[in-house]
Amino acid sequence: MALPESFLQELIAKNDIESVVSGYVSLKRRGRNLVGLCPFHGEKTASFNLYPETASFYCFGCQAGGDVITFIKRIENLDYMDAVRFLADRSGMKLPEYTKENDASSRLRLRILEANREAARLFHQALYSPEGKVALDYFHSRGYTDATIKHFGLGFAPPGWDFLIKGLGDKGFRREELIAAFLAKKSQHGGAYDIFRNRVIIPIIDIRGNVVGFGGRVLDDTKPKYINTENTLAYVKSRNLFALNFAKNAGRELNLCEGYMDVIAMHQAGFTNTVAALGTAFPDEQIQLIARYADRINLIFDADGAGQKATRVAIEKLRKTGLDVRVVTIPDGKDPDEYIKKNGAEAFKLLLERSANAIEYRLLEIGKSNDIHTPNGKVGYMKEATQLLARITSPVERDVYAGRLSDLLGISKDAILQEIQNVRRRQQRTAERQQLTAVLRQESKQLRKVNPQADAFTRAANAEESLLGTLILHPDYIKRARAVLPAEMLVTDFNRELYERLLERESQGLLVELAFLAADYDEAAMAYISRMVKDAAERVAEDIEAYAAVIREEHALKDMADPANASDESIQKMLETLRARKQKK
């Protein structure tokens, strides 16, 4: 499926990458480029780079990269055509009609969203049917009003095997579409059956108001307690927060709970700025989503071991974004729903107001495992506390907590500050080594994924990447490259295919830019291609011959990886190439 060149040209012109990205990332100019904190992973030091000259971006921390369409695909969780539609809507352009019939993936995504919307209606209707009385009684027993039930679109999946298959089938949905939506599952005998059966249903709605998935909870002690929609074309769990569609309009402070039911109870009590993370792993996408909509986040997790572990994980990840992170401790280990029922919304509001910040919470946790009334306990507390305070970036904040620590332990504030400084130096050295190792490992991992042959043919791959980046940025050099380097000379398959694509587009008089490649390559490939382009601005036409010479030389030597199976002719060529290389030196 191809969009008209003229349409893409106009789309890119009206959506320059700097104006689009600056809507999501706070950018600062650094020379000719711009930098900011990456929106795709948590970080304190800016590693996200925007290159206006090449209309591309690249993050040295997580290796995300590409053009403006790739950026919107990733940050808005859209496929290629929906990202194009997003940018077209942004700039007041009309998408060519014929593309809607040609894009199978986009059409299936739209069908999934339509099926989800109709499924939510059927579930809600079933809740108020005679068969749904048991589910409605369950919601009422939790204190939910009918207004709250309607607000969240809560529903009921009857115990039969084909409630949705029949109901949605009558509305024109095929079984394959329901399976793709995670509403039905293929049976061993070739048929299909409903995934959600005999459960209360909580729709998951994205920030644009689309029903993207469902959570289904049992009414008894049956396992599993919850069934949740798995990743589909319309839903990626790591890129969504439950109830953010409501909470995003409630100010710059969010409450983060563990599950659906706590969120619903808190909204009913008036805390409409509450969301759930749909899991306790807190992937970078969710952390960045929170950072986009909040300046302060209140963590409200269970008091059990799993909840406390989740709190610690969330604190570490959220503090990297610069958010004001608070921890709400509910007395007697109750969850928000229980506490509000027993004590009322005003009492819970006081808990929010008196919540400890992340540092205070961690100091309390350290105090529970170290008895400061004993010498060993005092040393242990001091060691853990200084490790914690050393991670604080603000000198003023470190000074305040050092003073508190001095009063608590009877140790001079200067001695504590000196120890914190020593720890900070050690942590910084360790962090720098770890960061460098992680970046190199991640880049290598991505390289192997997109171009697995690059590890085996490093010199060839480097020259190919430099050549391709130069041609994408300077398409007027393509004729020169065609004259000195046939496509079959490129050593690695991915780069050869990309080179052939560039030659073909140039021969057809088509434009060669990152945005015109985004339709044919996924996010990982676009990041790899973007990396090729980012350093190509200063290259000149004569560089083409230099890269081509290296590639031809490496092509002649590629059989050295397996000389035992090389032909006599190949061995002769390899020897000639090696002799020529030796003479050059």
# chains A, B, ... in the order shown; residues from 1 in each chain; ligands from 1
call {"tool": "select_by_dssp", "arguments": {"residues": "segment 397-571 of chain A", "states": "helix (DSSP H, G or I)", "output": "ChimeraX atom specification"}}
result
/A:397-409,413-450,452-454,458-473,475-484,487-489,493-507,514-516,523-533,542-561,563-565,568-571
call {"tool": "residues_around", "arguments": {"residues": "Phe48 of chain A", "least_positions_apart": "6", "cutoff": "6 Å", "atoms": "only C-alpha atoms", "output": "JSON, numbers by chain"}}
result
{"A": [35, 36, 37, 38, 59]}
call {"tool": "write_last_selection", "arguments": {"atoms": "C-alpha atoms", "output": "tab-separated table (two decimals), in the first residue's frame"}}
result
chain	number	residue	atom	x	y	z
A	35	VAL	CA	17.97	17.33	23.09
A	36	GLY	CA	15.50	16.30	25.77
A	37	LEU	CA	14.46	13.52	28.13
A	38	CYS	CA	13.36	10.52	26.11
A	59	CYS	CA	17.74	8.16	21.53
call {"tool": "residues_around", "arguments": {"residues": "segment 227-230 of chain A", "least_positions_apart": "5", "cutoff": "6 Å", "atoms": "only C-alpha atoms", "output": "PDB file with N, CA and C atoms, in the first residue's frame"}}
result
ATOM      1  N   GLY A 213      -9.912  -2.774  25.449  1.00  0.00           N
ATOM      2  CA  GLY A 213      -9.800  -4.092  26.069  1.00  0.00           C
ATOM      3  C   GLY A 213     -10.753  -4.216  27.245  1.00  0.00           C
ATOM      4  N   PHE A 214     -10.608  -5.341  27.955  1.00  0.00           N
ATOM      5  CA  PHE A 214     -11.488  -5.610  29.082  1.00  0.00           C
ATOM      6  C   PHE A 214     -10.741  -6.337  30.190  1.00  0.00           C
ATOM      7  N   GLY A 215     -11.210  -6.116  31.417  1.00  0.00           N
ATOM      8  CA  GLY A 215     -10.803  -6.931  32.549  1.00  0.00           C
ATOM      9  C   GLY A 215     -12.027  -7.687  33.027  1.00  0.00           C
ATOM     10  N   GLY A 216     -11.880  -8.976  33.264  1.00  0.00           N
ATOM     11  CA  GLY A 216     -13.005  -9.788  33.723  1.00  0.00           C
ATOM     12  C   GLY A 216     -12.697 -10.430  35.062  1.00  0.00           C
TER      13      GLY A 216
END
call {"tool": "residues_around", "arguments": {"residues": "segment 129-132 of chain A", "least_positions_apart": "6", "cutoff": "12 Å", "atoms": "only C-alpha atoms", "output": "ChimeraX atom specification"}}
result
/A:122-123,138-139,154-160,197-201,219
call {"tool": "residues_around", "arguments": {"residues": "segment 540-545 of chain A", "least_positions_apart": "5", "cutoff": "10 Å", "atoms": "only C-alpha atoms", "output": "short mmCIF file (atom, residue, chain, number, x, y, z; two decimals) with C-alpha atoms, in the first residue's frame"}}
result
data_model
loop_
_atom_site.label_atom_id
_atom_site.label_comp_id
_atom_site.auth_asym_id
_atom_site.auth_seq_id
_atom_site.Cartn_x
_atom_site.Cartn_y
_atom_site.Cartn_z
CA ALA A 463 30.69 1.25 5.44
CA SER A 466 27.63 5.29 6.21
CA LEU A 467 26.85 4.99 2.52
CA LEU A 468 23.11 4.51 3.02
CA THR A 470 24.60 9.66 3.09
CA LEU A 471 22.31 8.66 0.21
CA HIS A 474 21.83 13.50 -0.09
CA ASP A 476 21.45 13.56 -5.47
CA TYR A 477 24.45 11.28 -4.78
CA ILE A 478 22.50 8.11 -5.68
CA ARG A 480 27.08 8.44 -8.39
CA ALA A 481 26.70 5.43 -6.07
CA ARG A 482 24.90 3.42 -8.75
CA ALA A 483 27.83 3.94 -11.11
CA VAL A 484 30.49 2.64 -8.70
CA LEU A 485 28.65 0.06 -6.60
CA VAL A 550 35.51 -0.63 1.34
CA ILE A 551 32.28 -2.47 0.49
#
call {"tool": "residues_around", "arguments": {"residues": "Leu254 of chain A", "least_positions_apart": "6", "cutoff": "6 Å", "atoms": "only C-alpha atoms", "output": "NGL selection string"}}
result
:A and (273-274 or 297)
call {"tool": "write_last_selection", "arguments": {"atoms": "N, CA and C atoms", "output": "short mmCIF file (atom, residue, chain, number, x, y, z; two decimals), in the first residue's frame"}}
result
data_model
loop_
_atom_site.label_atom_id
_atom_site.label_comp_id
_atom_site.auth_asym_id
_atom_site.auth_seq_id
_atom_site.Cartn_x
_atom_site.Cartn_y
_atom_site.Cartn_z
N ASN A 273 -8.97 11.77 39.90
CA ASN A 273 -7.62 11.81 39.33
C ASN A 273 -6.87 10.50 39.59
N THR A 274 -7.60 9.39 39.72
CA THR A 274 -7.01 8.10 40.09
C THR A 274 -6.94 7.17 38.89
N ILE A 297 2.62 12.46 41.79
CA ILE A 297 1.98 11.15 41.75
C ILE A 297 1.93 10.57 43.16
#
call {"tool": "select_by_dssp", "arguments": {"residues": "segment 14-168 of chain A", "states": "strand (DSSP E or B)", "output": "PyMOL selection string"}}
result
chain A and resi 28-30+33-36+48-51+56-59+65-66+155-157
call {"tool": "atom_distance", "arguments": {"atom1": "atom CA of Asp220 of chain A", "atom2": "atom CA of Ala119 of chain A"}}
result
23.0 Å
